[in-house]
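Engineer: File follows, model.txt with compact mmCIF, C-alpha atoms:
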```txt
# COMPACT_ATOMS: atom_id res chain seq x y z
CA MET A 10 226.70 -130.58 -126.13
CA LEU A 11 227.34 -134.00 -124.62
CA THR A 12 224.35 -136.19 -123.82
CA GLN A 13 224.30 -137.39 -120.22
CA THR A 14 223.29 -141.04 -119.98
CA THR A 15 222.77 -143.47 -117.14
CA THR A 16 221.40 -146.98 -116.64
CA ARG A 17 219.71 -148.22 -113.48
CA VAL A 18 217.23 -150.75 -112.13
CA LEU A 19 213.78 -149.19 -112.14
CA GLU A 20 211.77 -148.90 -108.93
CA PRO A 21 208.00 -149.03 -108.36
CA SER A 22 207.87 -145.24 -108.43
CA ASP A 23 209.08 -145.36 -112.05
CA LEU A 24 206.00 -147.29 -113.18
CA PRO A 25 204.13 -144.47 -115.01
CA GLU A 26 207.18 -143.54 -117.08
CA ALA A 27 207.95 -147.18 -117.86
CA LEU A 28 204.37 -147.90 -118.94
CA ALA A 29 204.33 -144.85 -121.19
CA LEU A 30 207.39 -146.16 -123.00
CA LEU A 31 206.06 -149.72 -123.19
CA GLU A 32 202.72 -148.55 -124.54
CA SER A 33 204.38 -146.56 -127.30
CA ASP A 34 204.40 -149.84 -129.27
CA PRO A 35 201.65 -152.04 -127.77
CA VAL A 36 202.10 -154.88 -130.28
CA GLU A 37 205.87 -155.22 -130.20
CA ASN A 38 205.97 -154.83 -126.40
CA ALA A 39 202.88 -156.88 -125.54
CA PHE A 40 204.72 -159.59 -123.60
CA VAL A 41 206.54 -157.30 -121.19
CA THR A 42 203.71 -154.75 -120.98
CA SER A 43 201.27 -157.44 -119.87
CA ARG A 44 203.59 -158.47 -117.05
CA VAL A 45 204.28 -154.93 -115.89
CA GLN A 46 200.60 -153.96 -115.94
CA VAL A 47 199.86 -156.86 -113.57
CA ALA A 48 203.00 -156.97 -111.41
CA GLY A 49 204.39 -153.45 -111.52
CA LEU A 50 208.15 -153.02 -111.24
CA ASP A 51 208.84 -154.84 -107.99
CA PRO A 52 211.41 -157.49 -108.99
CA TRP A 53 209.88 -160.20 -106.81
CA ARG A 54 206.40 -159.81 -108.33
CA LEU A 55 207.71 -159.12 -111.83
CA GLY A 56 210.00 -162.13 -111.85
CA GLY A 57 213.03 -160.06 -112.77
CA GLU A 58 214.50 -156.60 -112.94
CA MET A 59 213.55 -153.83 -115.33
CA TRP A 60 216.57 -151.83 -116.44
CA GLY A 61 216.09 -148.30 -117.65
CA TRP A 62 218.43 -146.30 -119.89
CA TYR A 63 218.19 -142.55 -119.49
CA ALA A 64 219.45 -139.78 -121.76
CA ASP A 65 219.46 -136.26 -120.32
CA GLY A 66 217.20 -137.40 -117.51
CA ARG A 67 214.53 -138.95 -119.73
CA LEU A 68 213.75 -142.68 -119.88
CA ARG A 69 214.44 -143.74 -123.47
CA SER A 70 214.91 -147.54 -123.42
CA LEU A 71 214.14 -150.56 -121.25
CA CYS A 72 215.44 -154.08 -120.82
CA TYR A 73 213.58 -156.79 -118.92
CA SER A 74 216.00 -159.16 -117.18
CA GLY A 75 214.32 -162.28 -115.89
CA ALA A 76 213.87 -165.76 -117.35
CA ASN A 77 214.24 -163.93 -120.66
CA LEU A 78 216.38 -160.93 -121.52
CA VAL A 79 214.20 -158.56 -123.56
CA PRO A 80 215.39 -155.23 -125.02
CA ILE A 81 212.53 -152.73 -125.38
CA CYS A 82 212.60 -149.57 -127.51
CA ALA A 83 216.36 -150.01 -127.26
CA THR A 84 218.64 -147.58 -129.10
CA PRO A 85 222.15 -148.75 -130.07
CA GLU A 86 223.59 -146.76 -127.14
CA ALA A 87 221.11 -148.36 -124.76
CA VAL A 88 221.93 -151.82 -126.10
CA ARG A 89 225.60 -151.27 -125.27
CA ALA A 90 224.70 -150.20 -121.74
CA PHE A 91 222.39 -153.18 -121.26
CA ALA A 92 225.05 -155.56 -122.60
CA ASP A 93 227.59 -154.17 -120.11
CA ARG A 94 225.17 -154.70 -117.22
CA ALA A 95 224.21 -158.19 -118.40
CA ARG A 96 227.85 -159.19 -118.85
CA ARG A 97 228.73 -158.07 -115.33
CA ALA A 98 225.76 -159.90 -113.83
CA GLY A 99 226.40 -163.13 -115.74
CA ARG A 100 223.84 -165.08 -117.70
CA ARG A 101 220.75 -165.95 -115.68
CA CYS A 102 218.22 -166.12 -118.52
CA SER A 103 217.20 -169.04 -120.73
CA SER A 104 216.84 -166.84 -123.80
CA ILE A 105 217.28 -163.41 -125.30
CA VAL A 106 214.21 -162.40 -127.27
CA GLY A 107 212.88 -159.20 -128.75
CA PRO A 108 212.78 -157.02 -131.86
CA ALA A 109 215.32 -158.38 -134.32
CA GLY A 110 217.54 -155.30 -134.66
CA PRO A 111 218.22 -154.55 -130.97
CA THR A 112 218.33 -158.25 -130.09
CA ALA A 113 220.93 -158.95 -132.76
CA ARG A 114 223.08 -156.06 -131.51
CA LEU A 115 222.71 -157.25 -127.91
CA TRP A 116 223.73 -160.80 -128.85
CA ARG A 117 226.77 -159.63 -130.81
CA LEU A 118 228.01 -157.88 -127.67
CA LEU A 119 227.19 -160.76 -125.31
CA GLU A 120 228.18 -163.74 -127.45
CA PRO A 121 231.91 -163.60 -126.59
CA SER A 122 231.12 -164.10 -122.90
CA TRP A 123 227.74 -165.85 -123.03
CA GLY A 124 228.11 -168.01 -126.13
CA PRO A 125 227.75 -170.31 -127.74
CA ALA A 126 223.96 -170.36 -127.89
CA ARG A 127 222.08 -173.60 -128.29
CA GLU A 128 220.16 -172.05 -131.19
CA VAL A 129 219.74 -168.62 -132.78
CA ARG A 130 216.53 -167.79 -134.63
CA ALA A 131 217.47 -164.56 -136.33
CA ASN A 132 214.23 -163.84 -138.19
CA GLN A 133 210.83 -164.53 -136.64
CA PRO A 134 208.18 -162.51 -138.47
CA LEU A 135 205.88 -160.50 -136.20
CA MET A 136 202.30 -160.62 -137.45
CA ARG A 137 199.10 -158.83 -136.47
CA THR A 138 195.42 -158.58 -137.31
CA GLU A 139 192.51 -156.42 -136.18
CA GLN A 140 189.65 -158.26 -137.85
CA LEU A 141 188.18 -161.66 -138.50
CA SER A 142 189.13 -163.46 -141.69
CA SER A 143 186.74 -163.31 -144.61
CA GLU A 144 188.30 -166.49 -146.03
CA VAL A 145 188.43 -168.90 -143.09
CA ALA A 146 185.51 -169.81 -140.84
CA PRO A 147 186.30 -170.34 -137.15
CA ASP A 148 186.36 -174.00 -136.11
CA PRO A 149 183.19 -174.40 -134.00
CA TYR A 150 184.85 -177.16 -131.97
CA VAL A 151 187.66 -174.93 -130.67
CA ARG A 152 186.71 -173.61 -127.24
CA ARG A 153 188.08 -172.41 -123.95
CA ILE A 154 189.63 -175.12 -121.80
CA ARG A 155 187.99 -175.63 -118.41
CA LYS A 156 189.95 -175.97 -115.19
CA ASN A 157 189.03 -179.64 -114.86
CA GLU A 158 190.58 -180.32 -118.29
CA ILE A 159 194.16 -179.26 -117.49
CA ASP A 160 195.32 -182.88 -117.35
CA THR A 161 193.93 -183.39 -120.86
CA LEU A 162 195.65 -180.25 -122.15
CA MET A 163 199.07 -180.77 -120.53
CA PRO A 164 200.43 -183.52 -122.85
CA ALA A 165 199.77 -181.27 -125.86
CA CYS A 166 201.43 -178.32 -124.12
CA VAL A 167 204.51 -180.40 -123.29
CA ALA A 168 204.69 -181.75 -126.86
CA MET A 169 204.41 -178.22 -128.31
CA PHE A 170 207.08 -176.78 -126.01
CA THR A 171 209.50 -179.65 -126.64
CA GLU A 172 209.00 -179.45 -130.41
CA GLU A 173 209.36 -175.66 -130.48
CA VAL A 174 212.16 -175.06 -127.99
CA GLY A 175 214.06 -178.33 -128.28
CA VAL A 176 214.00 -179.20 -124.57
CA SER A 177 211.23 -180.53 -122.34
CA PRO A 178 209.53 -178.08 -119.96
CA LEU A 179 209.46 -180.93 -117.43
CA ALA A 180 213.25 -180.81 -116.99
CA GLY A 181 214.80 -179.21 -113.94
CA ASP A 182 211.93 -178.70 -111.51
CA GLY A 183 209.83 -181.54 -112.90
CA GLY A 184 207.65 -179.09 -114.76
CA LEU A 185 206.18 -177.33 -111.73
CA LEU A 186 206.67 -173.82 -113.10
CA TYR A 187 205.42 -174.80 -116.54
CA GLN A 188 202.34 -176.51 -115.15
CA ALA A 189 201.62 -173.44 -113.04
CA ARG A 190 201.84 -171.25 -116.13
CA VAL A 191 199.45 -173.49 -118.07
CA ALA A 192 197.06 -173.49 -115.11
CA GLU A 193 197.24 -169.68 -115.00
CA LEU A 194 196.29 -169.41 -118.68
CA VAL A 195 193.44 -171.88 -118.26
CA GLY A 196 192.20 -170.07 -115.15
CA SER A 197 192.20 -166.74 -116.93
CA GLY A 198 190.25 -168.13 -119.90
CA ARG A 199 193.13 -167.72 -122.34
CA ALA A 200 193.74 -171.38 -123.27
CA PHE A 201 191.87 -172.85 -126.24
CA ALA A 202 191.72 -176.26 -127.84
CA ARG A 203 189.79 -178.69 -129.95
CA ILE A 204 189.40 -182.02 -128.19
CA ASP A 205 188.35 -185.06 -130.21
CA ASP A 206 187.73 -188.37 -128.42
CA GLY A 207 189.47 -187.11 -125.27
CA ARG A 208 192.61 -185.97 -127.12
CA VAL A 209 193.75 -182.46 -128.00
CA VAL A 210 194.14 -182.14 -131.76
CA PHE A 211 194.63 -178.35 -131.87
CA LYS A 212 195.57 -175.85 -129.19
CA ALA A 213 196.74 -172.28 -128.70
CA GLU A 214 196.90 -169.75 -125.89
CA ILE A 215 196.74 -166.00 -125.55
CA GLY A 216 199.99 -165.70 -123.65
CA ALA A 217 200.16 -161.93 -123.24
CA ALA A 218 197.19 -159.60 -122.94
CA THR A 219 196.83 -155.85 -122.46
CA PRO A 220 193.88 -153.56 -123.20
CA GLN A 221 195.69 -152.49 -126.38
CA ALA A 222 196.94 -155.79 -127.83
CA CYS A 223 197.34 -159.49 -127.14
CA GLN A 224 199.74 -162.15 -128.36
CA ILE A 225 198.90 -165.73 -129.34
CA GLN A 226 201.44 -168.41 -128.46
CA GLY A 227 201.76 -172.18 -128.26
CA VAL A 228 199.96 -172.98 -131.51
CA TRP A 229 200.09 -176.74 -132.03
CA VAL A 230 198.38 -179.43 -134.09
CA ASP A 231 198.65 -183.11 -133.23
CA PRO A 232 201.11 -184.60 -135.76
CA ALA A 233 198.56 -187.26 -136.68
CA HIS A 234 196.15 -184.52 -137.80
CA ARG A 235 198.49 -182.17 -139.63
CA GLY A 236 197.70 -181.28 -143.23
CA LYS A 237 193.94 -181.29 -142.58
CA GLY A 238 193.51 -177.53 -142.19
CA LEU A 239 192.94 -177.63 -138.46
CA SER A 240 195.37 -174.79 -137.80
CA LYS A 241 193.51 -172.32 -140.01
CA GLY A 242 190.07 -172.93 -138.54
CA GLY A 243 191.53 -173.21 -135.06
CA MET A 244 193.41 -169.93 -135.34
CA ALA A 245 190.35 -168.20 -136.76
CA ALA A 246 188.43 -169.35 -133.68
CA VAL A 247 191.11 -168.10 -131.28
CA VAL A 248 191.27 -164.74 -133.08
CA ARG A 249 187.49 -164.44 -132.76
CA TYR A 250 187.69 -165.01 -129.00
CA ALA A 251 190.63 -162.62 -128.68
CA LEU A 252 188.99 -159.74 -130.57
CA ALA A 253 185.69 -160.20 -128.75
CA ASP A 254 187.02 -160.59 -125.21
CA VAL A 255 190.65 -159.47 -124.91
CA ALA A 256 192.02 -156.71 -127.15
CA PRO A 257 191.44 -154.91 -130.48
CA VAL A 258 194.74 -156.15 -131.94
CA VAL A 259 195.92 -159.77 -132.06
CA SER A 260 199.57 -160.59 -132.74
CA LEU A 261 202.02 -163.48 -132.83
CA TYR A 262 205.52 -164.23 -134.03
CA VAL A 263 206.59 -167.31 -135.94
CA ASN A 264 209.81 -168.90 -137.17
CA ASP A 265 210.63 -167.81 -140.70
CA PHE A 266 211.32 -171.40 -141.72
CA ASN A 267 207.81 -172.51 -140.71
CA THR A 268 206.33 -171.88 -144.14
CA PRO A 269 203.04 -173.77 -143.58
CA ALA A 270 202.29 -171.83 -140.39
CA ARG A 271 203.05 -168.46 -142.00
CA ALA A 272 200.74 -169.31 -144.90
CA ALA A 273 197.98 -170.41 -142.52
CA TYR A 274 198.26 -167.22 -140.49
CA ARG A 275 198.05 -165.09 -143.62
CA ARG A 276 194.89 -166.95 -144.65
CA VAL A 277 193.41 -166.15 -141.25
CA GLY A 278 194.12 -162.44 -141.81
CA PHE A 279 197.50 -161.83 -140.18
CA ARG A 280 200.05 -159.62 -141.93
CA GLU A 281 203.75 -159.27 -141.23
CA VAL A 282 204.65 -155.97 -139.53
CA GLY A 283 208.16 -156.61 -138.22
CA ALA A 284 210.50 -159.31 -136.97
CA PHE A 285 211.63 -160.77 -133.67
CA MET A 286 214.79 -162.69 -132.88
CA SER A 287 215.39 -165.38 -130.27
CA VAL A 288 218.66 -166.66 -128.82
CA LEU A 289 218.12 -169.94 -126.95
CA PHE A 290 220.52 -171.30 -124.31
```
In structure tokens, what does this structure look like?

Structural biologist:
Amino acid sequence: MLTQTTTRVLEPSDLPEALALLESDPVENAFVTSRVQVAGLDPWRLGGEMWGWYADGRLRSLCYSGANLVPICATPEAVRAFADRARRAGRRCSSIVGPAGPTARLWRLLEPSWGPAREVRANQPLMRTEQLSSEVAPDPYVRRIRKNEIDTLMPACVAMFTEEVGVSPLAGDGGLLYQARVAELVGSGRAFARIDDGRVVFKAEIGAATPQACQIQGVWVDPAHRGKGLSKGGMAAVVRYALADVAPVVSLYVNDFNTPARAAYRRVGFREVGAFMSVLF
């Protein structure tokens, strides 16, 4: 018997089915799930379209198409369908990011028309923890950033983004969207830092948050203070806040070549449970 498949843009009425699929893997899908839980499936509120791939009338796979292209629970057949739709639409995203297997397949299909990429990070270990470290004490000086401290935090955020992505977040619109995102994280109590003598020496944010899991992002230590162990104590403090106030599971993903960061995260209690991949344009 032939399987009947179809791909379409999801509508607000599809929300329960989409959430059920997203929540089937709350850690791997934390980024997109957090957006959908807040914004629903309306493209204007969501900041992009959600594509659904159906087999025999059942929603099996998703792909978020916005500033990022993100395959979700994507089977090989779904990846081919998403690649066809993305190719026809043309590249509008700044990156493709998601679980390594589906993302690699998606990029292989899109590279002939979308390439070359500025950078491909093929293996970014996905890590998670559900408990505080027994080895590393939380840094008592790491705390939530207050709204009146955004100007103090922003230089560190810009430095982290530029170092990590390779381009400044202030390019294009002068940083308006990036500053709005930082302000959103500060306003929601999900931005943390240690400030010494008016300068941020460590910072991190909880970028995605659902009742099931949250994801830490933007971990950064001032270059002048690296090698002093600030990242371990700082991350232990952020994990403590996250487990107490946000979700029972804390996750992150990291570049495989960042050996010091991976070692620090393991000391804090994270373990590797999978891998992401990012294609940067």

Engineer: Using only C-alpha atoms, which of the listed residues (A:Gln133, A:Ser104, A:Asn77, A:Thr161) sits closest to A:Asp206?

Structural biologist: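 Counting only C-alpha atoms, the residue closest to A:Asp206 is A:Thr161.
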
Engineer: Which one is closest to A:Lys237: A:Val174, A:Ala273, A:Val259, A:Ala202? Count all atoms listed in the file.

Structural biologist: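 Using all atoms listed in the file, A:Lys237 sits closest to A:Ala273.
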
Engineer: With only C-alpha atoms as the basis for distance, which of A:Arg203, A:Asp148, A:Val176, A:Cys82 is at the shortest distance from A:Arg69?

Structural biologist: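 Of A:Arg203, A:Asp148, A:Val176, A:Cys82, the one nearest A:Arg69, counting only C-alpha atoms, is A:Cys82.
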
Engineer: Which residue is closest to A:Gly283? Choose from A:Gln226, A:Asn132, A:Thr219, A:Ser177 and count all atoms listed in the file.

Structural biologist: A:Asn132

Engineer: For stretch 264-270 of chain A, work out the shell of residues within 12 Å, counting all atoms listed in the file and skipping chain neighbours fewer than 5 positions away, then give it as a ChimeraX atom specification.

Structural biologist: /A:129-136,173-174,228-230,235-241,244,275-277,279,281,283-287

Engineer: With only C-alpha atoms as the counted atoms, please give the residues lying no more than 12 Å from A:Asp254, apart from itself and same-chain residues fewer than 3 positions off, as a list in words.

Structural biologist: Arg153, Ser197, Gly198, Arg199, Ile215, Ala218, Thr219, Pro220, Gln221, Ala222, Cys223, Val247, Val248, Arg249, Tyr250, Ala251, Pro257, Val258 and Val259 of chain A

Engineer: Could you rebuild stretch 41-52 of chain A with all heavy atoms and give it back as a PDB file, in the coordinates of the input?

Structural biologist:
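That gives us rebuild_5.pdb:
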```pdb
ATOM      1  N   VAL A  41     206.047-157.955-122.395  1.00  0.00           N
ATOM      2  CA  VAL A  41     206.540-157.300-121.190  1.00  0.00           C
ATOM      3  C   VAL A  41     205.488-156.363-120.614  1.00  0.00           C
ATOM      4  O   VAL A  41     205.307-156.285-119.392  1.00  0.00           O
ATOM      5  CB  VAL A  41     207.854-156.548-121.473  1.00  0.00           C
ATOM      6  CG1 VAL A  41     208.316-155.778-120.241  1.00  0.00           C
ATOM      7  CG2 VAL A  41     208.936-157.537-121.904  1.00  0.00           C
ATOM      8  N   THR A  42     204.756-155.658-121.476  1.00  0.00           N
ATOM      9  CA  THR A  42     203.710-154.750-120.980  1.00  0.00           C
ATOM     10  C   THR A  42     202.687-155.495-120.149  1.00  0.00           C
ATOM     11  O   THR A  42     202.260-155.016-119.091  1.00  0.00           O
ATOM     12  CB  THR A  42     203.018-154.045-122.158  1.00  0.00           C
ATOM     13  OG1 THR A  42     203.987-153.366-122.947  1.00  0.00           O
ATOM     14  CG2 THR A  42     202.002-153.031-121.656  1.00  0.00           C
ATOM     15  N   SER A  43     202.281-156.673-120.609  1.00  0.00           N
ATOM     16  CA  SER A  43     201.270-157.440-119.870  1.00  0.00           C
ATOM     17  C   SER A  43     201.766-157.797-118.484  1.00  0.00           C
ATOM     18  O   SER A  43     201.000-157.773-117.514  1.00  0.00           O
ATOM     19  CB  SER A  43     200.890-158.703-120.647  1.00  0.00           C
ATOM     20  OG  SER A  43     201.966-159.621-120.732  1.00  0.00           O
ATOM     21  N   ARG A  44     203.041-158.119-118.360  1.00  0.00           N
ATOM     22  CA  ARG A  44     203.590-158.470-117.050  1.00  0.00           C
ATOM     23  C   ARG A  44     203.661-157.251-116.140  1.00  0.00           C
ATOM     24  O   ARG A  44     203.322-157.310-114.958  1.00  0.00           O
ATOM     25  CB  ARG A  44     204.982-159.083-117.218  1.00  0.00           C
ATOM     26  CG  ARG A  44     205.008-160.381-117.991  1.00  0.00           C
ATOM     27  CD  ARG A  44     206.355-161.059-117.874  1.00  0.00           C
ATOM     28  NE  ARG A  44     206.611-161.490-116.513  1.00  0.00           N
ATOM     29  CZ  ARG A  44     207.041-162.695-116.176  1.00  0.00           C
ATOM     30  NH1 ARG A  44     207.219-163.596-117.111  1.00  0.00           N
ATOM     31  NH2 ARG A  44     207.275-163.004-114.931  1.00  0.00           N
ATOM     32  N   VAL A  45     204.117-156.132-116.703  1.00  0.00           N
ATOM     33  CA  VAL A  45     204.280-154.930-115.890  1.00  0.00           C
ATOM     34  C   VAL A  45     202.919-154.387-115.448  1.00  0.00           C
ATOM     35  O   VAL A  45     202.773-153.910-114.316  1.00  0.00           O
ATOM     36  CB  VAL A  45     205.078-153.867-116.675  1.00  0.00           C
ATOM     37  CG1 VAL A  45     205.076-152.530-115.938  1.00  0.00           C
ATOM     38  CG2 VAL A  45     206.503-154.349-116.894  1.00  0.00           C
ATOM     39  N   GLN A  46     201.914-154.459-116.309  1.00  0.00           N
ATOM     40  CA  GLN A  46     200.600-153.960-115.940  1.00  0.00           C
ATOM     41  C   GLN A  46     200.012-154.753-114.768  1.00  0.00           C
ATOM     42  O   GLN A  46     199.265-154.207-113.954  1.00  0.00           O
ATOM     43  CB  GLN A  46     199.652-154.014-117.135  1.00  0.00           C
ATOM     44  CG  GLN A  46     199.933-152.933-118.169  1.00  0.00           C
ATOM     45  CD  GLN A  46     198.978-152.982-119.340  1.00  0.00           C
ATOM     46  OE1 GLN A  46     198.299-153.983-119.578  1.00  0.00           O
ATOM     47  NE2 GLN A  46     198.921-151.904-120.097  1.00  0.00           N
ATOM     48  N   VAL A  47     200.369-156.023-114.664  1.00  0.00           N
ATOM     49  CA  VAL A  47     199.860-156.860-113.570  1.00  0.00           C
ATOM     50  C   VAL A  47     200.756-156.772-112.334  1.00  0.00           C
ATOM     51  O   VAL A  47     200.270-156.636-111.204  1.00  0.00           O
ATOM     52  CB  VAL A  47     199.744-158.332-114.028  1.00  0.00           C
ATOM     53  CG1 VAL A  47     199.441-159.240-112.845  1.00  0.00           C
ATOM     54  CG2 VAL A  47     198.676-158.462-115.094  1.00  0.00           C
ATOM     55  N   ALA A  48     202.068-156.829-112.524  1.00  0.00           N
ATOM     56  CA  ALA A  48     203.000-156.970-111.410  1.00  0.00           C
ATOM     57  C   ALA A  48     203.700-155.682-111.004  1.00  0.00           C
ATOM     58  O   ALA A  48     204.335-155.636-109.942  1.00  0.00           O
ATOM     59  CB  ALA A  48     204.052-158.028-111.744  1.00  0.00           C
ATOM     60  N   GLY A  49     203.628-154.647-111.826  1.00  0.00           N
ATOM     61  CA  GLY A  49     204.390-153.450-111.520  1.00  0.00           C
ATOM     62  C   GLY A  49     205.874-153.688-111.764  1.00  0.00           C
ATOM     63  O   GLY A  49     206.264-154.548-112.551  1.00  0.00           O
ATOM     64  N   LEU A  50     206.703-152.942-111.046  1.00  0.00           N
ATOM     65  CA  LEU A  50     208.150-153.020-111.240  1.00  0.00           C
ATOM     66  C   LEU A  50     208.895-153.646-110.071  1.00  0.00           C
ATOM     67  O   LEU A  50     210.123-153.689-110.074  1.00  0.00           O
ATOM     68  CB  LEU A  50     208.723-151.626-111.530  1.00  0.00           C
ATOM     69  CG  LEU A  50     208.281-150.987-112.847  1.00  0.00           C
ATOM     70  CD1 LEU A  50     208.808-149.567-112.951  1.00  0.00           C
ATOM     71  CD2 LEU A  50     208.734-151.810-114.049  1.00  0.00           C
ATOM     72  N   ASP A  51     208.184-154.140-109.091  1.00  0.00           N
ATOM     73  CA  ASP A  51     208.840-154.840-107.990  1.00  0.00           C
ATOM     74  C   ASP A  51     209.448-156.131-108.512  1.00  0.00           C
ATOM     75  O   ASP A  51     208.737-156.971-109.079  1.00  0.00           O
ATOM     76  CB  ASP A  51     207.831-155.145-106.879  1.00  0.00           C
ATOM     77  CG  ASP A  51     208.462-155.954-105.762  1.00  0.00           C
ATOM     78  OD1 ASP A  51     209.192-155.363-104.946  1.00  0.00           O
ATOM     79  OD2 ASP A  51     208.255-157.174-105.726  1.00  0.00           O
ATOM     80  N   PRO A  52     210.766-156.322-108.382  1.00  0.00           N
ATOM     81  CA  PRO A  52     211.410-157.490-108.990  1.00  0.00           C
ATOM     82  C   PRO A  52     210.820-158.823-108.544  1.00  0.00           C
ATOM     83  O   PRO A  52     210.738-159.772-109.344  1.00  0.00           O
ATOM     84  CB  PRO A  52     212.877-157.356-108.557  1.00  0.00           C
ATOM     85  CG  PRO A  52     213.065-155.894-108.351  1.00  0.00           C
ATOM     86  CD  PRO A  52     211.752-155.410-107.777  1.00  0.00           C
TER      87      PRO A  52
END
```
